[in-house]
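Peer 1: Before I ask anything, let me first share the structure, which is written out below as structure tokens.
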Amino acid sequence: MLVLLDQTRLPAEEVELVCTDVPALVQAIRTLAVRGAPLLGIAGGYGVALAAARGYNVAEAVGLLEGARPTAVNLGYGVRRVAAAHQEAAGKGQGDAASAAAALAEARALHREDARASRRMAEYGEVLLEELLPGRGYQLLTHCNTGALVSGGEGTAFAVALRVHRKGRLRRLWVDETRPLLQGARLTAYEAARNGLAYSLLTDNAAGSLFAAGEVDAVLIGADRIAADGSVANKVGSYPLAVLAKYHHVPFIVVAPTTTVDLETPDGTSIIVEQRSGREVTELTSPQGVSVGGGGGMVVAPLGAPVYNPAFDVTPSELITAIVTEEGAISPVTGVGLAELCARSSQVTIG
């Protein structure tokens, strides 16, 4: 079985969600009980290992898991990687038990690698902030959730903020609430409080006034898919922040592991953007019906109101100051630079 922290129940309660088969894990992924690009890759890998251990059809499990959320490239990466390890062991005639063990070993290796990547991204992110904003404390704005809840380690963008906090350099972490499911309010604020960060929560549409007042030194976000040209798909609301940052001459920094870079996706227009249920906008509930706004599922729009609810938007590379990965940072963001980082990453294996 696979045991997850049910993120739809945070911050009110910490509840474990037990997935005993692949359909249960797929449901957990679709309802955002488990979410965040790197963690989806890890969960998908463990899902393949679970299928192998239970004697299920691994190829069928791969298809179900890969299709659970189409925008997050890490999910497919983790699923395919663990499935390849299982297939290799099976091809050698090692038997079902040995093939399942090989799948589990690969999933665990992926988990360890992501924890290492998280540490390295935090280090490179701190160096970049010092280069861009030397000798000062930082007021950082973030969107959605990018901490330990999305990672095998301490996260992506949040890990950078946490590192500079520990160095005494974080003046304030501005946390967008991140409508419609409030991942910033429910999850990032939760993680900031647990780690003792100085933070303030704001509505998404209040960010512009912060920029205008000179209260934002840099924007740090994660990514769910980075195209070959450097375009970045992230939680909807990221693109407007990039436009604001550009206008106000504020660094806009994306922090993500190289596994989030998809060189097979040529540009931002080629990224499939997941469209989610309109109920997430018209009702004050989480994906599983848990109240997230004190409304207890209260309807906040006319019955039958048409809704546009993309889970992500795409930020073009020209609006991005830098992309930070576990292999270093690139600035300016170019396709050549991304390809070089990915080539460097492919030469490193953590056992």
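In the structure tokens, the first chain shown is A, the next is B, and so on; residue numbers restart at 1 for each chain, and ligands run from 1 in the order shown.
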Write out as a PDB file with N, CA, C and O atoms, in the first residue's frame each polymer residue whose atoms come within 9 Å of A:Thr282, counting only C-alpha atoms; drop sequence neighbours fewer than 3 positions from it.

Peer 2:
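around-v2.pdb written:
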ATOM      1  N   GLY A 278     -15.816  23.307 -12.919  1.00  0.00           N
ATOM      2  CA  GLY A 278     -16.295  24.637 -12.581  1.00  0.00           C
ATOM      3  C   GLY A 278     -16.703  24.781 -11.135  1.00  0.00           C
ATOM      4  O   GLY A 278     -16.722  25.890 -10.584  1.00  0.00           O
ATOM      5  N   ARG A 279     -17.023  23.679 -10.479  1.00  0.00           N
ATOM      6  CA  ARG A 279     -17.429  23.727  -9.068  1.00  0.00           C
ATOM      7  C   ARG A 279     -16.318  24.276  -8.180  1.00  0.00           C
ATOM      8  O   ARG A 279     -16.590  24.831  -7.114  1.00  0.00           O
ATOM      9  N   THR A 285     -15.290  25.113  -1.687  1.00  0.00           N
ATOM     10  CA  THR A 285     -14.917  23.804  -1.175  1.00  0.00           C
ATOM     11  C   THR A 285     -13.607  23.371  -1.803  1.00  0.00           C
ATOM     12  O   THR A 285     -13.197  23.859  -2.841  1.00  0.00           O
ATOM     13  N   MET A 298     -20.540  26.560   0.437  1.00  0.00           N
ATOM     14  CA  MET A 298     -21.498  27.584   0.027  1.00  0.00           C
ATOM     15  C   MET A 298     -21.328  27.935  -1.448  1.00  0.00           C
ATOM     16  O   MET A 298     -20.226  28.125  -1.937  1.00  0.00           O
ATOM     17  N   VAL A 299     -22.435  28.014  -2.155  1.00  0.00           N
ATOM     18  CA  VAL A 299     -22.419  28.407  -3.562  1.00  0.00           C
ATOM     19  C   VAL A 299     -22.224  29.913  -3.658  1.00  0.00           C
ATOM     20  O   VAL A 299     -22.905  30.684  -2.970  1.00  0.00           O
ATOM     21  N   VAL A 300     -21.278  30.360  -4.504  1.00  0.00           N
ATOM     22  CA  VAL A 300     -20.954  31.785  -4.595  1.00  0.00           C
ATOM     23  C   VAL A 300     -21.184  32.341  -6.001  1.00  0.00           C
ATOM     24  O   VAL A 300     -20.726  33.438  -6.313  1.00  0.00           O
ATOM     25  N   ALA A 301     -21.877  31.591  -6.850  1.00  0.00           N
ATOM     26  CA  ALA A 301     -22.183  32.048  -8.207  1.00  0.00           C
ATOM     27  C   ALA A 301     -23.573  31.547  -8.579  1.00  0.00           C
ATOM     28  O   ALA A 301     -24.071  30.572  -7.994  1.00  0.00           O
ATOM     29  N   PRO A 302     -24.221  32.188  -9.541  1.00  0.00           N
ATOM     30  CA  PRO A 302     -25.547  31.721  -9.954  1.00  0.00           C
ATOM     31  C   PRO A 302     -25.519  30.274 -10.426  1.00  0.00           C
ATOM     32  O   PRO A 302     -24.528  29.817 -11.030  1.00  0.00           O
ATOM     33  N   LEU A 303     -26.574  29.543 -10.162  1.00  0.00           N
ATOM     34  CA  LEU A 303     -26.685  28.154 -10.580  1.00  0.00           C
ATOM     35  C   LEU A 303     -26.503  28.056 -12.090  1.00  0.00           C
ATOM     36  O   LEU A 303     -27.142  28.778 -12.858  1.00  0.00           O
ATOM     37  N   ALA A 305     -23.790  28.838 -13.807  1.00  0.00           N
ATOM     38  CA  ALA A 305     -22.887  29.840 -14.376  1.00  0.00           C
ATOM     39  C   ALA A 305     -21.756  29.167 -15.148  1.00  0.00           C
ATOM     40  O   ALA A 305     -21.101  28.265 -14.619  1.00  0.00           O
ATOM     41  N   VAL A 307     -18.090  28.497 -16.446  1.00  0.00           N
ATOM     42  CA  VAL A 307     -16.833  28.728 -15.733  1.00  0.00           C
ATOM     43  C   VAL A 307     -15.650  28.389 -16.627  1.00  0.00           C
ATOM     44  O   VAL A 307     -15.656  27.378 -17.332  1.00  0.00           O
TER      45      VAL A 307
END

Peer 1: Near stretch 124-130 of chain A, within 7 Å and counting only C-alpha atoms, which residues show up once chain neighbours fewer than 5 positions away are dropped, as number ranges by chain?

Peer 2: A: 135, 160, 164, 324, 328-329

Peer 1: So which residues touch A:Thr259 within 10 Å, counting only C-alpha atoms, skipping near sequence neighbours fewer than 6 positions away, as a list of chain:residue names?

Peer 2: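 With the cut-off at 10 Å, the set is A:Ala37, A:Pro38, A:Gly41, A:Val73, A:Asn74, A:Leu75, A:Tyr77, A:Gly78, A:Asp114, A:Ala117, A:Asp224, A:Arg225, A:Ile226, A:Thr325, A:Glu326, A:Cys342, A:Ser345, A:Ser346.
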
Peer 1: Generate the output file for the selected residues, N, CA, C and O atoms, as a PDB file, in the first residue's frame.

Peer 2:
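In the end it all went to out.pdb:
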ATOM      1  N   ALA A  37       4.509  18.968  -8.836  1.00  0.00           N
ATOM      2  CA  ALA A  37       5.165  18.218  -9.911  1.00  0.00           C
ATOM      3  C   ALA A  37       6.169  17.172  -9.441  1.00  0.00           C
ATOM      4  O   ALA A  37       6.055  15.995  -9.810  1.00  0.00           O
ATOM      5  N   PRO A  38       7.177  17.518  -8.628  1.00  0.00           N
ATOM      6  CA  PRO A  38       8.144  16.476  -8.229  1.00  0.00           C
ATOM      7  C   PRO A  38       7.502  15.331  -7.454  1.00  0.00           C
ATOM      8  O   PRO A  38       7.813  14.158  -7.687  1.00  0.00           O
ATOM      9  N   GLY A  41       5.731  12.808  -9.572  1.00  0.00           N
ATOM     10  CA  GLY A  41       6.647  11.831 -10.158  1.00  0.00           C
ATOM     11  C   GLY A  41       6.974  10.711  -9.193  1.00  0.00           C
ATOM     12  O   GLY A  41       7.002   9.529  -9.562  1.00  0.00           O
ATOM     13  N   VAL A  73       4.701  17.104 -16.103  1.00  0.00           N
ATOM     14  CA  VAL A  73       5.565  16.173 -16.823  1.00  0.00           C
ATOM     15  C   VAL A  73       6.240  15.178 -15.886  1.00  0.00           C
ATOM     16  O   VAL A  73       6.543  14.051 -16.275  1.00  0.00           O
ATOM     17  N   ASN A  74       6.472  15.561 -14.628  1.00  0.00           N
ATOM     18  CA  ASN A  74       7.161  14.663 -13.696  1.00  0.00           C
ATOM     19  C   ASN A  74       6.391  13.382 -13.452  1.00  0.00           C
ATOM     20  O   ASN A  74       6.980  12.321 -13.199  1.00  0.00           O
ATOM     21  N   LEU A  75       5.074  13.461 -13.502  1.00  0.00           N
ATOM     22  CA  LEU A  75       4.258  12.269 -13.273  1.00  0.00           C
ATOM     23  C   LEU A  75       4.585  11.191 -14.295  1.00  0.00           C
ATOM     24  O   LEU A  75       4.875  10.045 -13.935  1.00  0.00           O
ATOM     25  N   TYR A  77       7.214  11.008 -16.176  1.00  0.00           N
ATOM     26  CA  TYR A  77       8.632  10.638 -16.047  1.00  0.00           C
ATOM     27  C   TYR A  77       8.819   9.566 -14.976  1.00  0.00           C
ATOM     28  O   TYR A  77       9.479   8.539 -15.200  1.00  0.00           O
ATOM     29  N   GLY A  78       8.248   9.787 -13.792  1.00  0.00           N
ATOM     30  CA  GLY A  78       8.406   8.824 -12.717  1.00  0.00           C
ATOM     31  C   GLY A  78       7.774   7.483 -13.041  1.00  0.00           C
ATOM     32  O   GLY A  78       8.355   6.419 -12.772  1.00  0.00           O
ATOM     33  N   ASP A 114      15.207  13.164  -5.799  1.00  0.00           N
ATOM     34  CA  ASP A 114      14.440  14.389  -5.686  1.00  0.00           C
ATOM     35  C   ASP A 114      14.818  15.144  -4.418  1.00  0.00           C
ATOM     36  O   ASP A 114      14.872  16.380  -4.421  1.00  0.00           O
ATOM     37  N   ALA A 117      17.967  16.873  -5.224  1.00  0.00           N
ATOM     38  CA  ALA A 117      17.695  18.002  -6.121  1.00  0.00           C
ATOM     39  C   ALA A 117      17.145  19.186  -5.335  1.00  0.00           C
ATOM     40  O   ALA A 117      17.497  20.345  -5.608  1.00  0.00           O
ATOM     41  N   ASP A 224       5.267  23.094 -13.412  1.00  0.00           N
ATOM     42  CA  ASP A 224       4.718  21.766 -13.666  1.00  0.00           C
ATOM     43  C   ASP A 224       5.224  21.192 -14.987  1.00  0.00           C
ATOM     44  O   ASP A 224       5.222  19.976 -15.167  1.00  0.00           O
ATOM     45  N   ARG A 225       5.616  22.063 -15.899  1.00  0.00           N
ATOM     46  CA  ARG A 225       6.256  21.635 -17.144  1.00  0.00           C
ATOM     47  C   ARG A 225       7.011  22.827 -17.725  1.00  0.00           C
ATOM     48  O   ARG A 225       6.493  23.948 -17.748  1.00  0.00           O
ATOM     49  N   ILE A 226       8.226  22.582 -18.159  1.00  0.00           N
ATOM     50  CA  ILE A 226       9.025  23.612 -18.821  1.00  0.00           C
ATOM     51  C   ILE A 226       9.313  23.131 -20.232  1.00  0.00           C
ATOM     52  O   ILE A 226       9.919  22.074 -20.429  1.00  0.00           O
ATOM     53  N   THR A 325      17.710  25.059 -11.308  1.00  0.00           N
ATOM     54  CA  THR A 325      17.564  23.610 -11.216  1.00  0.00           C
ATOM     55  C   THR A 325      18.638  23.063 -10.283  1.00  0.00           C
ATOM     56  O   THR A 325      19.488  23.810  -9.784  1.00  0.00           O
ATOM     57  N   GLU A 326      18.622  21.751 -10.081  1.00  0.00           N
ATOM     58  CA  GLU A 326      19.656  21.125  -9.252  1.00  0.00           C
ATOM     59  C   GLU A 326      21.022  21.117  -9.931  1.00  0.00           C
ATOM     60  O   GLU A 326      22.044  20.831  -9.298  1.00  0.00           O
ATOM     61  N   CYS A 342      19.929  19.789 -18.906  1.00  0.00           N
ATOM     62  CA  CYS A 342      19.364  18.442 -18.933  1.00  0.00           C
ATOM     63  C   CYS A 342      20.414  17.401 -19.297  1.00  0.00           C
ATOM     64  O   CYS A 342      20.419  16.288 -18.738  1.00  0.00           O
ATOM     65  N   SER A 345      22.404  16.785 -16.220  1.00  0.00           N
ATOM     66  CA  SER A 345      21.656  15.999 -15.256  1.00  0.00           C
ATOM     67  C   SER A 345      21.623  14.524 -15.607  1.00  0.00           C
ATOM     68  O   SER A 345      21.697  13.663 -14.738  1.00  0.00           O
ATOM     69  N   SER A 346      21.527  14.211 -16.900  1.00  0.00           N
ATOM     70  CA  SER A 346      21.426  12.817 -17.326  1.00  0.00           C
ATOM     71  C   SER A 346      22.694  12.030 -17.057  1.00  0.00           C
ATOM     72  O   SER A 346      22.693  10.795 -17.071  1.00  0.00           O
TER      73      SER A 346
END

Peer 1: Please return as a PyMOL selection string: the residues of stretch 11-106 of chain A that backbone DSSP assigns to strand (DSSP E).

Peer 2: chain A and resi 16-19

Peer 1: Write the residues you've just listed into a file as a compact mmCIF listing (two decimals), in the first residue's frame, and include C-alpha atoms for each of them.

Peer 2:
# COMPACT_ATOMS: atom_id res chain seq x y z
CA GLU A 16 -3.29 9.91 6.10
CA LEU A 17 -4.77 8.56 2.88
CA VAL A 18 -4.08 4.87 2.23
CA CYS A 19 -4.00 3.76 -1.42

Peer 1: List as CSV every residue of stretch 138-222 of chain A that is in contact with stretch 235-251 of chain A, defined as an atom at most 12 Å from one of its atoms (using only C-alpha atoms), together with the nearest atom pair and the distance in Å rounded to one decimal, sorted by chain and then rising number.

Peer 2:
residue,atom,partner,partner_atom,distance
A:Tyr138,CA,A:Pro251,CA,11.7
A:Gln139,CA,A:Val250,CA,11.0
A:Leu140,CA,A:Pro251,CA,10.0
A:Leu141,CA,A:Leu241,CA,9.3
A:Thr142,CA,A:Ser238,CA,9.1
A:His143,CA,A:Ser238,CA,6.8
A:Cys144,CA,A:Lys235,CA,6.5
A:Asn145,CA,A:Lys235,CA,9.1
A:Thr146,CA,A:Lys235,CA,10.6
A:Asp176,CA,A:Gly237,CA,9.3
A:Glu177,CA,A:Gly237,CA,10.4
A:Thr178,CA,A:Gly237,CA,7.4
A:Arg179,CA,A:Gly237,CA,8.3
A:Pro180,CA,A:Val236,CA,9.3
A:Leu181,CA,A:Lys235,CA,10.6
A:Leu182,CA,A:Lys235,CA,11.0
A:Gln183,CA,A:Lys235,CA,9.6
A:Gly184,CA,A:Lys235,CA,10.6
A:Thr203,CA,A:Gly237,CA,11.3
A:Asp204,CA,A:Gly237,CA,7.6
A:Asn205,CA,A:Gly237,CA,9.3
A:Ala206,CA,A:Leu241,CA,10.8
A:Ala207,CA,A:Leu241,CA,7.7
A:Gly208,CA,A:Leu244,CA,6.7
A:Ser209,CA,A:Leu244,CA,10.0
A:Leu210,CA,A:Leu244,CA,10.1
A:Phe211,CA,A:His248,CA,6.6
A:Ala212,CA,A:His248,CA,7.4
A:Ala213,CA,A:His248,CA,10.0
A:Gly214,CA,A:His248,CA,8.4
A:Glu215,CA,A:Val250,CA,10.2
A:Val216,CA,A:Val250,CA,7.3
A:Asp217,CA,A:Val250,CA,6.1
A:Ala218,CA,A:Pro251,CA,4.9
A:Val219,CA,A:Pro251,CA,6.3
A:Leu220,CA,A:Pro251,CA,8.6
A:Ile221,CA,A:Ser238,CA,7.7
A:Gly222,CA,A:Lys235,CA,8.5

Peer 1: Those selected residues, please, written with N, CA, C and O atoms and delivered as a short mmCIF file (atom, residue, chain, number, x, y, z; two decimals), in the first residue's frame.

Peer 2:
data_model
loop_
_atom_site.label_atom_id
_atom_site.label_comp_id
_atom_site.auth_asym_id
_atom_site.auth_seq_id
_atom_site.Cartn_x
_atom_site.Cartn_y
_atom_site.Cartn_z
N TYR A 138 15.51 39.95 1.93
CA TYR A 138 14.61 39.79 0.79
C TYR A 138 13.15 39.77 1.23
O TYR A 138 12.79 39.14 2.22
N GLN A 139 12.32 40.44 0.44
CA GLN A 139 10.88 40.27 0.50
C GLN A 139 10.48 39.49 -0.76
O GLN A 139 10.57 40.01 -1.87
N LEU A 140 10.09 38.25 -0.57
CA LEU A 140 9.85 37.33 -1.68
C LEU A 140 8.36 37.06 -1.81
O LEU A 140 7.67 36.83 -0.81
N LEU A 141 7.89 37.05 -3.04
CA LEU A 141 6.49 36.71 -3.33
C LEU A 141 6.44 35.34 -3.98
O LEU A 141 7.23 35.05 -4.90
N THR A 142 5.54 34.49 -3.52
CA THR A 142 5.40 33.17 -4.11
C THR A 142 3.94 32.88 -4.41
O THR A 142 3.04 33.54 -3.88
N HIS A 143 3.73 31.89 -5.25
CA HIS A 143 2.38 31.54 -5.72
C HIS A 143 2.21 30.03 -5.62
O HIS A 143 3.14 29.28 -5.91
N CYS A 144 1.04 29.60 -5.23
CA CYS A 144 0.72 28.19 -5.05
C CYS A 144 1.59 27.61 -3.94
O CYS A 144 1.94 28.31 -2.99
N ASN A 145 1.95 26.32 -4.02
CA ASN A 145 2.70 25.66 -2.96
C ASN A 145 3.89 24.93 -3.55
O ASN A 145 3.75 24.16 -4.50
N THR A 146 5.07 25.17 -2.98
CA THR A 146 6.29 24.59 -3.53
C THR A 146 7.22 24.06 -2.45
O THR A 146 8.43 23.99 -2.63
N ASP A 176 0.63 34.34 -2.00
CA ASP A 176 -0.64 34.44 -2.71
C ASP A 176 -1.58 33.34 -2.23
O ASP A 176 -1.17 32.18 -2.11
N GLU A 177 -2.84 33.65 -2.05
CA GLU A 177 -3.79 32.63 -1.60
C GLU A 177 -3.96 31.52 -2.65
O GLU A 177 -4.20 30.37 -2.32
N THR A 178 -3.83 31.88 -3.92
CA THR A 178 -3.89 30.96 -5.05
C THR A 178 -5.29 30.37 -5.24
O THR A 178 -5.57 29.22 -4.90
N ARG A 179 -6.16 31.17 -5.80
CA ARG A 179 -7.50 30.73 -6.18
C ARG A 179 -7.42 29.77 -7.36
O ARG A 179 -6.48 29.85 -8.15
N PRO A 180 -8.41 28.85 -7.51
CA PRO A 180 -9.60 28.75 -6.67
C PRO A 180 -9.47 27.79 -5.49
O PRO A 180 -10.36 27.76 -4.64
N LEU A 181 -8.40 26.99 -5.42
CA LEU A 181 -8.33 25.96 -4.38
C LEU A 181 -7.41 26.33 -3.22
O LEU A 181 -7.16 25.51 -2.35
N LEU A 182 -6.89 27.56 -3.23
CA LEU A 182 -6.22 28.12 -2.06
C LEU A 182 -5.00 27.33 -1.60
O LEU A 182 -4.73 27.21 -0.41
N GLN A 183 -4.21 26.83 -2.57
CA GLN A 183 -3.01 26.09 -2.17
C GLN A 183 -2.01 26.97 -1.42
O GLN A 183 -1.25 26.48 -0.59
N GLY A 184 -2.01 28.26 -1.74
CA GLY A 184 -1.14 29.16 -0.99
C GLY A 184 -1.63 29.36 0.43
O GLY A 184 -0.86 29.24 1.39
N THR A 203 -4.62 38.13 -1.00
CA THR A 203 -5.43 37.68 -2.11
C THR A 203 -4.62 37.84 -3.40
O THR A 203 -3.77 38.71 -3.51
N ASP A 204 -4.91 37.00 -4.38
CA ASP A 204 -4.12 37.03 -5.61
C ASP A 204 -4.12 38.41 -6.27
O ASP A 204 -3.09 38.87 -6.79
N ASN A 205 -5.27 39.07 -6.26
CA ASN A 205 -5.36 40.35 -6.95
C ASN A 205 -4.81 41.52 -6.14
O ASN A 205 -4.90 42.67 -6.57
N ALA A 206 -4.21 41.24 -4.97
CA ALA A 206 -3.55 42.29 -4.19
C ALA A 206 -2.07 42.39 -4.53
O ALA A 206 -1.39 43.32 -4.09
N ALA A 207 -1.55 41.44 -5.31
CA ALA A 207 -0.11 41.43 -5.60
C ALA A 207 0.34 42.70 -6.30
O ALA A 207 1.42 43.23 -6.04
N GLY A 208 -0.48 43.22 -7.21
CA GLY A 208 -0.09 44.41 -7.96
C GLY A 208 0.23 45.58 -7.05
O GLY A 208 1.18 46.34 -7.29
N SER A 209 -0.56 45.77 -6.00
CA SER A 209 -0.31 46.89 -5.10
C SER A 209 0.99 46.72 -4.33
O SER A 209 1.66 47.71 -4.00
N LEU A 210 1.38 45.48 -4.06
CA LEU A 210 2.68 45.23 -3.41
C LEU A 210 3.82 45.66 -4.32
O LEU A 210 4.79 46.29 -3.89
N PHE A 211 3.74 45.27 -5.60
CA PHE A 211 4.77 45.67 -6.56
C PHE A 211 4.85 47.19 -6.64
O PHE A 211 5.93 47.78 -6.61
N ALA A 212 3.69 47.83 -6.75
CA ALA A 212 3.66 49.29 -6.89
C ALA A 212 4.27 49.99 -5.68
O ALA A 212 4.86 51.07 -5.81
N ALA A 213 4.13 49.39 -4.50
CA ALA A 213 4.67 49.97 -3.28
C ALA A 213 6.14 49.64 -3.07
O ALA A 213 6.74 50.07 -2.08
N GLY A 214 6.73 48.86 -3.98
CA GLY A 214 8.14 48.48 -3.84
C GLY A 214 8.39 47.47 -2.75
O GLY A 214 9.50 47.39 -2.20
N GLU A 215 7.38 46.65 -2.44
CA GLU A 215 7.48 45.70 -1.34
C GLU A 215 7.86 44.28 -1.79
O GLU A 215 7.85 43.37 -0.97
N VAL A 216 8.17 44.11 -3.07
CA VAL A 216 8.57 42.78 -3.58
C VAL A 216 9.95 42.89 -4.19
O VAL A 216 10.18 43.67 -5.12
N ASP A 217 10.90 42.10 -3.67
CA ASP A 217 12.26 42.09 -4.21
C ASP A 217 12.44 41.05 -5.29
O ASP A 217 13.26 41.21 -6.20
N ALA A 218 11.71 39.96 -5.20
CA ALA A 218 11.81 38.90 -6.21
C ALA A 218 10.58 38.01 -6.09
O ALA A 218 9.97 37.89 -5.02
N VAL A 219 10.22 37.38 -7.21
CA VAL A 219 9.14 36.39 -7.26
C VAL A 219 9.78 35.03 -7.44
O VAL A 219 10.64 34.84 -8.30
N LEU A 220 9.36 34.07 -6.62
CA LEU A 220 9.84 32.69 -6.73
C LEU A 220 8.64 31.77 -6.92
O LEU A 220 7.73 31.75 -6.09
N ILE A 221 8.63 31.02 -8.02
CA ILE A 221 7.56 30.04 -8.25
C ILE A 221 8.17 28.71 -8.67
O ILE A 221 9.36 28.62 -8.99
N GLY A 222 7.34 27.68 -8.69
CA GLY A 222 7.75 26.38 -9.19
C GLY A 222 7.31 26.22 -10.64
O GLY A 222 7.03 27.19 -11.34
#

Peer 1: For a quick check of understanding, using only C-alpha atoms, which of A:Gly91, A:Gly55, A:Pro134, A:Pro266 has the smallest distance to A:Asp229?

Peer 2: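 For A:Asp229, the nearest of the candidates is A:Pro266.
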
Peer 1: Give the answer as one residue: which of A:Ala24, A:Ile253, A:Ile29, A:Leu110 has the shortest atom-to-atom distance to A:Gln7, using only C-alpha atoms?

Peer 2: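 Using only C-alpha atoms, A:Gln7 sits closest to A:Ile29.
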
Peer 1: Rank A:Leu149, A:Ala192, A:Glu13, A:Arg119 by their smallest atom-to-atom distance to A:His165, using only C-alpha atoms, and report the top residue only.

Peer 2: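 Counting only C-alpha atoms, the residue closest to A:His165 is A:Ala192.
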
Peer 1: So what do you get for atom CA of A:Ala61 versus atom CA of A:Arg112, distance-wise?

Peer 2: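 About the pair atom CA of A:Ala61 and atom CA of A:Arg112: they are 22.8 Å apart.
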
Peer 1: If we count only C-alpha atoms, what is near A:Leu25 at a cut-off of 9 Å, once residues fewer than 5 positions away on the same chain are taken out, given as a list in words?

Peer 2: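 Near A:Leu25, the qualifying residues are Leu2, Val18, Cys19, Thr20, Arg30, Val34, Ala43, Gly44, Gly47 and Leu65 of chain A.
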
Peer 1: At a cut-off of 8 Å, using only C-alpha atoms, what residues contact A:Ala227? Leave out same-chain residues fewer than 3 positions from it and give the result as a count of residues only.

Peer 2: 12

Peer 1: Write out as a PyMOL selection string the set of residues from stretch 66-312 of chain A that DSSP, computed on the backbone, places in alpha helix (DSSP H).

Peer 2: chain A and resi 66+73-91+96-132+157-166+183+189-194+207-212+238-247+279-282

Peer 1: Residues within 7 Å of A:Asn309, please, as a count of residues only. Count only C-alpha atoms; anything in the same chain fewer than 4 positions from it doesn't count.

Peer 2: 4
